[in-house]
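Read the structure below first, then the notes.
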Amino acid sequence: MIDYDSQLKIQAYLDGELPEAEAQQVAKRLAQDQDAVLLLSELRNTRQAMVNGQAPMALPETREFFWSKIEREIGRQESPQPAPRRNSMLAAWRRMLVPAGAVAAVGLVCMLSLVSSPGPRMETALADSGAFTYRDYNSGATLVWLSYPAENEFADSEPAGTVQ
Amino acid sequence: MTEKDYSTTDDQTLVRAAQKGDMTAFEELVARHRDKIYARAYSMVRNEEEAIDLSQEAWVKGWQRLAQFQGESGFGTWMTRIVINLCLDHLRKQKRQRSESIDAMDEESGGVERQMPVVTVNPTAGLERGELRQRIDRALGQLSHEHRTVLVLHEFEEMEYKEIARTMGCSIGTVMSRLFYARRKLAALLVDLKKDDLGMT
Amino acid sequence: MRDHLLSVRLLSWLLPTLFVLGSGFSQARAADMKLEVQLLWGTNDKQSPDPKHRPVDDDVHKKLKELPLKWSNYFLVNNKQFDVSANGTAKVPLSEKCSIEVKNLGHSTVEVSLFGKGEKVVGRTQALPKGEILVLGGNAPNATAWLVILKRLE
């Protein structure tokens with residue numbers, strides 16, 4: 001029966017963690033003690049199994065989706081003060097929704113409405129850092145637009161993917 | 001504005017660009033190393049959603065600390081260290097909320113691994129790689145997180161005892177005894193899985 | 001005397017009427033809602049490659065045209081009608097991975113949550129009078145869009 005300290009030294013010998021003098025002592029023991037050899041063999045087999053058994057794994061999210069979350073969080077942490085609502089909503093609007101030719105016109109209408117109408121005909125707000133809201137009182141429609149990447153679980157429902 | 005194509009740029013150049021604030025370069029680094037970082041997180045926390053969240057957090061921290069990366073190791077290795085530390089913090093928080101596992105109690109009360117009979121037959125000999133990976137994965141899932149962590153850090157990350165001790169916040173002696181217990185336990189689990197296979201249990 | 005009798009008769013008619021109207025009103029305040037949810041695909045293509053898709057209804061299309069959306073055509077991928085009782089919640093699957101949850105808060109107000117892969121993607125609380133729509137949307141590949149329309153029917 002090998003004492004516990006010696007068992008640990010056999011392991012450290014296998015891992016190359018022993019100082020030279022102690023390594024030589026363990027080697028000497030291994031030359032004489034069959035139990036020690038068997039223990040070393042078991043530890044070595046287990047180590048080898050671990051090294052060979054490391055399974056490669058793919059992160060189960062698309063590149064764009066995963067990055068969009070990181071980018072958003074970096075942006076959130078770097079800009080703790082929210083940007084002025086008017087500027088940010090116009091910028092988000094232009095970037096995401098409307099063809100370039102109509103941007104100025106729509107933006108102007110929105111600005112005028114916000115400034116001059118007695119009651120709001122339209123209303124825009126940033127619901128949270130990932131969503132943009134637009135309300136049209138005349139048509140009775142509210143739009144909440146998510147700054148999601150193009151590949152997402154909702155888009156999977158579209159013609160290219162499975163459809164219910 | 002045309003987006004730069006960094007797909008053929010080496011990591012070192014990407015890191016330098018990212019350190020100057022080029023997010024496109026950083027995004028390319030994320031794309032290249034995300035699977036490895038995720039795999040490391042998963043191997044430690046064994047939960048897909050948590051591993052994704054921890055990976056994401058690691059990347060955000062990586063961006064924030066980019067200036068500190070001096071190329072002393074590969075970028076992937078540097079990022080792996082970040083996610084490992086996040087996983088350890090996460091596991092420590094969970095441990096405070098959960099009761100100790102039997103493994104951990106076994107190890108701390110001491111002794112069981114010292115008396116376990118030596119496994120004389122290599123329980124993974126002859127297995128195909130895929131099967132071996134499955135068995136290792138199943139066996140690792142049955143260890144406590146301390147034992148799994150020490151195995152992952154030593155065998156997968158090839159860390160020395162001293163570095164593992166620093167990372168896990170314990171003594172080298174504790175690393176050695178945890179590693180010993182983990183290996184012996186793993187050997188026994190692999191034998192059991194082999195016996196299952198042969199219909200012997 | 002006649003005036004007094006008239007007053008009594010008037011009151012005897014008026015009070016129950018007011019009571020009925022009042023109770024009806026309070027019921028309307030905490031009324032069940034009948035809603036319809038539609039999952040749409042927004043595109044500039046004239047047709048959807050999926051023959052099961054049909055163009056969205058005119059009334060919805062008209063409302064979408066008033067919003068700052070750049071697509072000219074919208075196709076119906078899936079739709080469901082459902083009821084939500086007063087102070088109740090209904091969860092409706094939209095696709096394999098996505099669902100919408102609607103809570104009836106009373107006073108024609110709904111709390112809407114959109115879930116993708118079990119995770120809440122967005123929440124919105126607002127009034128939704130009859131005939132109005134709430135549109136939740138985002139980008140889809142190839143410069144198209146997905147939209148979830150919540151429409152109050154009753």
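Chain lettering (A, B, ...) mirrors the order of the structure tokens, residue numbering begins at 1 for each chain separately, and ligand numbering begins at 1 in order of display.
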Proximal residues of chain A relative to chain B (only C-alpha atoms; 10 Å) as a PyMOL selection string | chain A and resi 1-5+7-12+15-17+35-36+38-64+66-75+77-78
Compute the chain C side of the contact with chain B at 12 Å, counting only C-alpha atoms, and hand it back as a PyMOL selection string.
-> chain C and resi 117-119
Could you name the residues that touch Val84 (chain C) at 8 Å or less, counting only C-alpha atoms, but leaving out those on the same chain fewer than 3 positions away, as a ChimeraX atom specification?
-> /C:32-35,88-90,102-104
Please, which residues in chain C fall within 9 Å of chain A when counting only C-alpha atoms, and what is the closest atom pair and distance in Å to one decimal for each, ordered by chain then residue number, as JSON lines?
{"residue": "C:Leu39", "atom": "CA", "partner": "A:Ser157", "partner_atom": "CA", "distance": 8.6}
{"residue": "C:Leu40", "atom": "CA", "partner": "A:Glu158", "partner_atom": "CA", "distance": 8.3}
{"residue": "C:Trp41", "atom": "CA", "partner": "A:Glu158", "partner_atom": "CA", "distance": 6.3}
{"residue": "C:Ser48", "atom": "CA", "partner": "A:Pro159", "partner_atom": "CA", "distance": 7.3}
{"residue": "C:Pro49", "atom": "CA", "partner": "A:Pro159", "partner_atom": "CA", "distance": 6.5}
{"residue": "C:Asp50", "atom": "CA", "partner": "A:Pro159", "partner_atom": "CA", "distance": 5.8}
{"residue": "C:Lys52", "atom": "CA", "partner": "A:Val163", "partner_atom": "CA", "distance": 8.9}
{"residue": "C:His53", "atom": "CA", "partner": "A:Pro159", "partner_atom": "CA", "distance": 8.7}
{"residue": "C:Lys62", "atom": "CA", "partner": "A:Ser139", "partner_atom": "CA", "distance": 8.3}
{"residue": "C:Lys63", "atom": "CA", "partner": "A:Ser139", "partner_atom": "CA", "distance": 5.7}
{"residue": "C:Leu64", "atom": "CA", "partner": "A:Ala141", "partner_atom": "CA", "distance": 7.7}
{"residue": "C:Glu66", "atom": "CA", "partner": "A:Ser139", "partner_atom": "CA", "distance": 6.8}
{"residue": "C:Leu67", "atom": "CA", "partner": "A:Asp136", "partner_atom": "CA", "distance": 7.1}
{"residue": "C:Pro68", "atom": "CA", "partner": "A:Val98", "partner_atom": "CA", "distance": 6.2}
{"residue": "C:Leu69", "atom": "CA", "partner": "A:Leu97", "partner_atom": "CA", "distance": 5.5}
{"residue": "C:Lys70", "atom": "CA", "partner": "A:Val98", "partner_atom": "CA", "distance": 5.3}
{"residue": "C:Val77", "atom": "CA", "partner": "A:Val163", "partner_atom": "CA", "distance": 7.0}
{"residue": "C:Asn78", "atom": "CA", "partner": "A:Gln164", "partner_atom": "CA", "distance": 6.7}
{"residue": "C:Leu94", "atom": "CA", "partner": "A:Gln164", "partner_atom": "CA", "distance": 8.2}
{"residue": "C:Ser95", "atom": "CA", "partner": "A:Gln164", "partner_atom": "CA", "distance": 6.2}
{"residue": "C:Glu96", "atom": "CA", "partner": "A:Gln164", "partner_atom": "CA", "distance": 7.8}
{"residue": "C:Lys97", "atom": "CA", "partner": "A:Glu153", "partner_atom": "CA", "distance": 6.2}
{"residue": "C:Cys98", "atom": "CA", "partner": "A:Phe154", "partner_atom": "CA", "distance": 6.6}
{"residue": "C:Gly116", "atom": "CA", "partner": "A:Glu153", "partner_atom": "CA", "distance": 6.0}
{"residue": "C:Lys117", "atom": "CA", "partner": "A:Glu153", "partner_atom": "CA", "distance": 7.0}
{"residue": "C:Val121", "atom": "CA", "partner": "A:Leu146", "partner_atom": "CA", "distance": 8.7}
{"residue": "C:Val122", "atom": "CA", "partner": "A:Ala131", "partner_atom": "CA", "distance": 7.8}
{"residue": "C:Gly123", "atom": "CA", "partner": "A:Ala127", "partner_atom": "CA", "distance": 8.9}
{"residue": "C:Arg124", "atom": "CA", "partner": "A:Ala127", "partner_atom": "CA", "distance": 8.3}
{"residue": "C:Leu128", "atom": "CA", "partner": "A:Gly140", "partner_atom": "CA", "distance": 8.8}
{"residue": "C:Pro129", "atom": "CA", "partner": "A:Gly140", "partner_atom": "CA", "distance": 8.6}
{"residue": "C:Gly131", "atom": "CA", "partner": "A:Gly140", "partner_atom": "CA", "distance": 7.5}
{"residue": "C:Glu132", "atom": "CA", "partner": "A:Gly140", "partner_atom": "CA", "distance": 4.8}
{"residue": "C:Ile133", "atom": "CA", "partner": "A:Ala141", "partner_atom": "CA", "distance": 4.9}
{"residue": "C:Leu134", "atom": "CA", "partner": "A:Thr142", "partner_atom": "CA", "distance": 4.8}
{"residue": "C:Val135", "atom": "CA", "partner": "A:Leu143", "partner_atom": "CA", "distance": 4.6}
{"residue": "C:Leu136", "atom": "CA", "partner": "A:Val144", "partner_atom": "CA", "distance": 4.8}
{"residue": "C:Gly137", "atom": "CA", "partner": "A:Trp145", "partner_atom": "CA", "distance": 5.0}
{"residue": "C:Gly138", "atom": "CA", "partner": "A:Leu146", "partner_atom": "CA", "distance": 5.0}
{"residue": "C:Asn139", "atom": "CA", "partner": "A:Ala150", "partner_atom": "CA", "distance": 4.8}
{"residue": "C:Ala140", "atom": "CA", "partner": "A:Ala150", "partner_atom": "CA", "distance": 4.1}
{"residue": "C:Pro141", "atom": "CA", "partner": "A:Ala150", "partner_atom": "CA", "distance": 4.8}
{"residue": "C:Asn142", "atom": "CA", "partner": "A:Ala150", "partner_atom": "CA", "distance": 8.0}
{"residue": "C:Ala143", "atom": "CA", "partner": "A:Ala150", "partner_atom": "CA", "distance": 8.0}
{"residue": "C:Thr144", "atom": "CA", "partner": "A:Ala150", "partner_atom": "CA", "distance": 8.3}
{"residue": "C:Ala145", "atom": "CA", "partner": "A:Ala155", "partner_atom": "CA", "distance": 7.4}
{"residue": "C:Trp146", "atom": "CA", "partner": "A:Ala155", "partner_atom": "CA", "distance": 5.9}
{"residue": "C:Leu147", "atom": "CA", "partner": "A:Phe154", "partner_atom": "CA", "distance": 8.5}
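For the pair CA of Arg81 (chain B) and CA of Lys4 (chain B), the separation is 28.8 Å.
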Using the chain letters and numbers from this document, which residues of chain C does DSSP assign to helix (DSSP H, G or I), as a VMD selection string?
-> chain C and resid 2 to 29 58 to 65
Strand (DSSP E or B) residues, from DSSP on the backbone, in region 29-79 of chain C, as a PyMOL selection string = chain C and resi 33-43+54-55+73-79
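Take CA of Phe75 (chain B) and CA of Gln12 (chain B): the distance between them is 7.9 Å.
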So what do you get for CA of Tyr6 (chain B) versus CA of Gln68 (chain B), distance-wise?
-> 22.3 Å
